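Asks: Once you've had a glance at the structure underneath, I'll fire off some questions.
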Amino acid sequence: MRNKKLLHAVTGAFGYAGRYIATRLLNDGHQVITLTNSPRRPHPFGNRVPAFPLAFDDAAHLEASLAGVEVLYNTYWVRFNHHQFSHREAEKNTAILFSAAKKAGVKRIVHISITNPREDSPLEYFSGKARTERLLLESGVGYAILRPAVLFGGEDILINNIAWALRRFPVFPLFGDSQAYGLQPIHVEDLASLAVREGDSRENTLLDAIGPETFTYRSLVETIARGIRRWRLLVNVPPGLAYALGRVLGIFVRDTFITREEICGLMAGLLQVKARPAGHIRLSAWVVQNRETLGRRYASELARRLNRDVSYGNECCSPEGSMAA
Ligand SMILES: NC(=O)c1ccc[n+]([C@@H]2O[C@H](COP(=O)([O-])OP(=O)(O)OC[C@H]3O[C@@H](n4cnc5c(N)ncnc54)[C@H](OP(=O)(O)O)[C@@H]3O)[C@@H](O)[C@H]2O)c1
């Protein structure tokens, strides 16, 4: 039987941020279930995290899965538009999830969003996140909204793939004036700690979940290059050219390496806020500590989506050839 007081639900606990949140909850002695699209993805939890489907087409099922849950930690979103998934669909699904949670009597939702969401943003990632935040604020369920800019640590994609490219190529193209815009990465364990702390609270909160260091895009790439000891030529190029190069690279790695939207969001400064750091793990130190492994393998967003039986971090290790550098 589930213990009502202690039951927490985490979306995507076999994925990235959700896995760290679930780990922390279990370590704190809570019971955890997950709602996931990938119930067969390998994970470290044994039978301690029962999996239920993210059944957006069956709200009653979703509601039943959430029965007795005290806090829902929602990590669900999609990174970009693709013929199999879209921001619009993610927005609609998130509304279904929030509604099911409310009907199930969930007391609190800890929702992972993004820095600088705005409903009138031309970038769907940011406008969709802003609308889902509003839905939650208006839902009547207690909430904590955490807004990270970029995650690093463990199985992250962006920082890992910058390192991967630095390991492979002598020249690294930067988008436009790469000193003019910045980003504030937070370690995934810091984000998980914040999420669990906010799950315990009863205050409604909206928090920029940024790490202790602010980088310009150039200084971020320099920091990673220095950390993994790769001395590369970093060249500012027109963003359109960098995007085109990313597209070509994407063909080779069978992934969407970077999208136009991501470049626009980054260059518009949307991954930077004026706020006090909420995490304490420094990316610059973490890169050095992880220099032997960081970027050795390409981390593929599409592989994660299309092959749901493989754990994050191993998505490129198919027998027919890994993309190790
Ligand atoms: N990663 C970052 O650098 C970053 C930066 C800023 C904000 N965020 C936000 O932080 C949250 C967690 O990010 P994460 O990187 O940790 O995500 P993740 O673990 O890869 O995915 C989180 C959840 O969303 C589902 N999901 C992801 N992409 C999907 C797709 N295309 N179609 C269907 N389901 C999909 C996953 O499905 P499964 O159940 O199959 O695993 C999982 O349940 C997200 O809301 C994201 O917007 C992340």
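Residue names in the structure tokens use chain letters A, B, ... in the order shown, residue numbers from 1 in each chain, and ligand numbers from 1 in the order shown.
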Step by step, measure atom-to-atom distances between ligand 1 and each residue using only C-alpha atoms and all ligand atoms, keep those at most 7 Å, then write them as a PyMOL selection string.
Replies: chain A and resi 11-18+35-38+75-79+85+112-114+147-152+156-158+305+308
Asks: If you count only C-alpha atoms, which residues fall within 7 Å of stretch 246-256 of chain A, apart from same-chain ones fewer than 6 positions away, as a ChimeraX atom specification?
Replies: /A:300-302
Asks: Please identify the helix (DSSP H, G or I) residues within stretch 7-176 of chain A (assignment by DSSP from backbone atoms) and present them as an NGL selection string.
Replies: :A and (17-27 or 59-65 or 87-104 or 124-139 or 158-168)
Asks: Show which residues sit within 8 Å of A:Ile162, as JSON, numbers by chain. Count only C-alpha atoms, and ignore same-chain residues fewer than 5 positions away.
Replies: {"A": [221, 224, 295]}
Asks: Could you check how far atom CA of A:Leu191 sits from atom CA of A:Gly154, in Å to one decimal?
Replies: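 Going from atom CA of A:Leu191 over to atom CA of A:Gly154 covers 12.5 Å.
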Asks: Calculated over only C-alpha atoms, which of the candidates A:Leu245, A:Val196, A:Leu271, A:Leu174 has the smallest distance to A:Gly211?
Replies: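 Selected residue with least distance to A:Gly211: A:Leu271.
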Asks: Enumerate, in order of chain and increasing residue number, the residues of stretch 52-110 of chain A with an atom no farther than 12 Å from stretch 23-27 of chain A, each with its shortest atom pair and distance in Å to one decimal, counting only C-alpha atoms, as a tab-separated table.
Replies:
residue	atom	partner	partner_atom	distance
A:Val71	CA	A:Leu25	CA	10.9
A:Leu72	CA	A:Leu25	CA	11.7
A:Tyr73	CA	A:Leu25	CA	10.6
Asks: Please measure the separation of atom CA of A:Glu70 and atom CA of A:His280, giving the value in Å to one decimal.
Replies: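 These atoms are spaced 27.9 Å apart.
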Asks: When DSSP is applied to the backbone of this structure, which of stretch 53-138 of chain A are assigned strand (DSSP E or B)? Write them out as a VMD selection string.
Replies: chain A and resid 53 71 to 74 82 85 108 to 112
Asks: Determine, counting only C-alpha atoms, which protein, DNA and RNA residues have an atom within 12 Å of an atom of stretch 234-243 of chain A; residues of the same chain fewer than 5 positions away are not included. Present the result as a VMD selection string.
Replies: chain A and resid 162 165 to 166 169 to 180 217 to 225 248 to 250 256 to 267
Asks: Got a sec: who's within 9 Å of A:Val32, counting only C-alpha atoms, leaving out chain neighbours fewer than 2 positions off, as a list in words?
Replies: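 Non-adjacent residues within range: Leu6, Leu7, His8, Ala9, Val10, Ala22, Leu25, Leu26, His30, Thr34, Arg48, Val49, Pro50 and Val69 of chain A.
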Asks: Can those selected residues be exported to a file as a compact mmCIF listing (two decimals), in the first residue's frame so that it contains N, CA and C atoms?
Replies:
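Dumped to selection_16.txt:
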# COMPACT_ATOMS: atom_id res chain seq x y z
N LEU A 6 3.81 10.16 2.30
CA LEU A 6 5.18 10.12 1.81
C LEU A 6 5.32 9.83 0.32
N LEU A 7 4.22 9.76 -0.38
CA LEU A 7 4.33 9.36 -1.77
C LEU A 7 4.58 10.57 -2.69
N HIS A 8 5.65 10.45 -3.48
CA HIS A 8 5.99 11.52 -4.43
C HIS A 8 6.00 10.92 -5.83
N ALA A 9 5.61 11.73 -6.80
CA ALA A 9 5.67 11.28 -8.20
C ALA A 9 6.63 12.18 -8.97
N VAL A 10 7.46 11.54 -9.76
CA VAL A 10 8.44 12.29 -10.56
C VAL A 10 8.23 11.89 -12.02
N ALA A 22 14.46 11.84 -8.15
CA ALA A 22 13.98 10.59 -7.54
C ALA A 22 15.03 10.03 -6.58
N LEU A 25 14.91 11.96 -3.37
CA LEU A 25 13.71 11.65 -2.59
C LEU A 25 13.85 10.30 -1.90
N LEU A 26 14.36 9.31 -2.63
CA LEU A 26 14.54 7.97 -2.03
C LEU A 26 15.54 8.06 -0.88
N HIS A 30 11.59 8.85 1.19
CA HIS A 30 10.25 8.94 0.62
C HIS A 30 9.96 7.75 -0.29
N THR A 34 7.14 6.91 -10.70
CA THR A 34 7.42 7.78 -11.84
C THR A 34 6.32 7.66 -12.88
N ARG A 48 12.25 -0.03 -6.64
CA ARG A 48 11.86 1.01 -5.67
C ARG A 48 11.05 2.14 -6.30
N VAL A 49 11.04 2.21 -7.63
CA VAL A 49 10.30 3.30 -8.29
C VAL A 49 9.34 2.70 -9.32
N PRO A 50 8.12 2.35 -8.90
CA PRO A 50 7.16 1.83 -9.86
C PRO A 50 6.87 2.84 -10.96
N VAL A 69 -0.71 10.70 -4.21
CA VAL A 69 0.58 11.41 -4.34
C VAL A 69 0.49 12.77 -3.66
Asks: Identify which of the residues A:Ala144, A:Ala244, A:Leu123, A:Ala163 lies closest to A:Ala209, counting only C-alpha atoms when measuring atom-to-atom distances.
Replies: A:Ala144
Asks: Please measure the separation of atom CA of A:Gln184 and atom CA of A:Gly153, giving the value in Å to one decimal.
Replies: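 Separating atom CA of A:Gln184 from atom CA of A:Gly153 is a distance of 13.6 Å.
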Asks: Counting only C-alpha atoms, which of A:Pro42, A:Ser284, A:Asn160, A:Phe126 gets nearest to A:Ala299?
Replies: A:Asn160
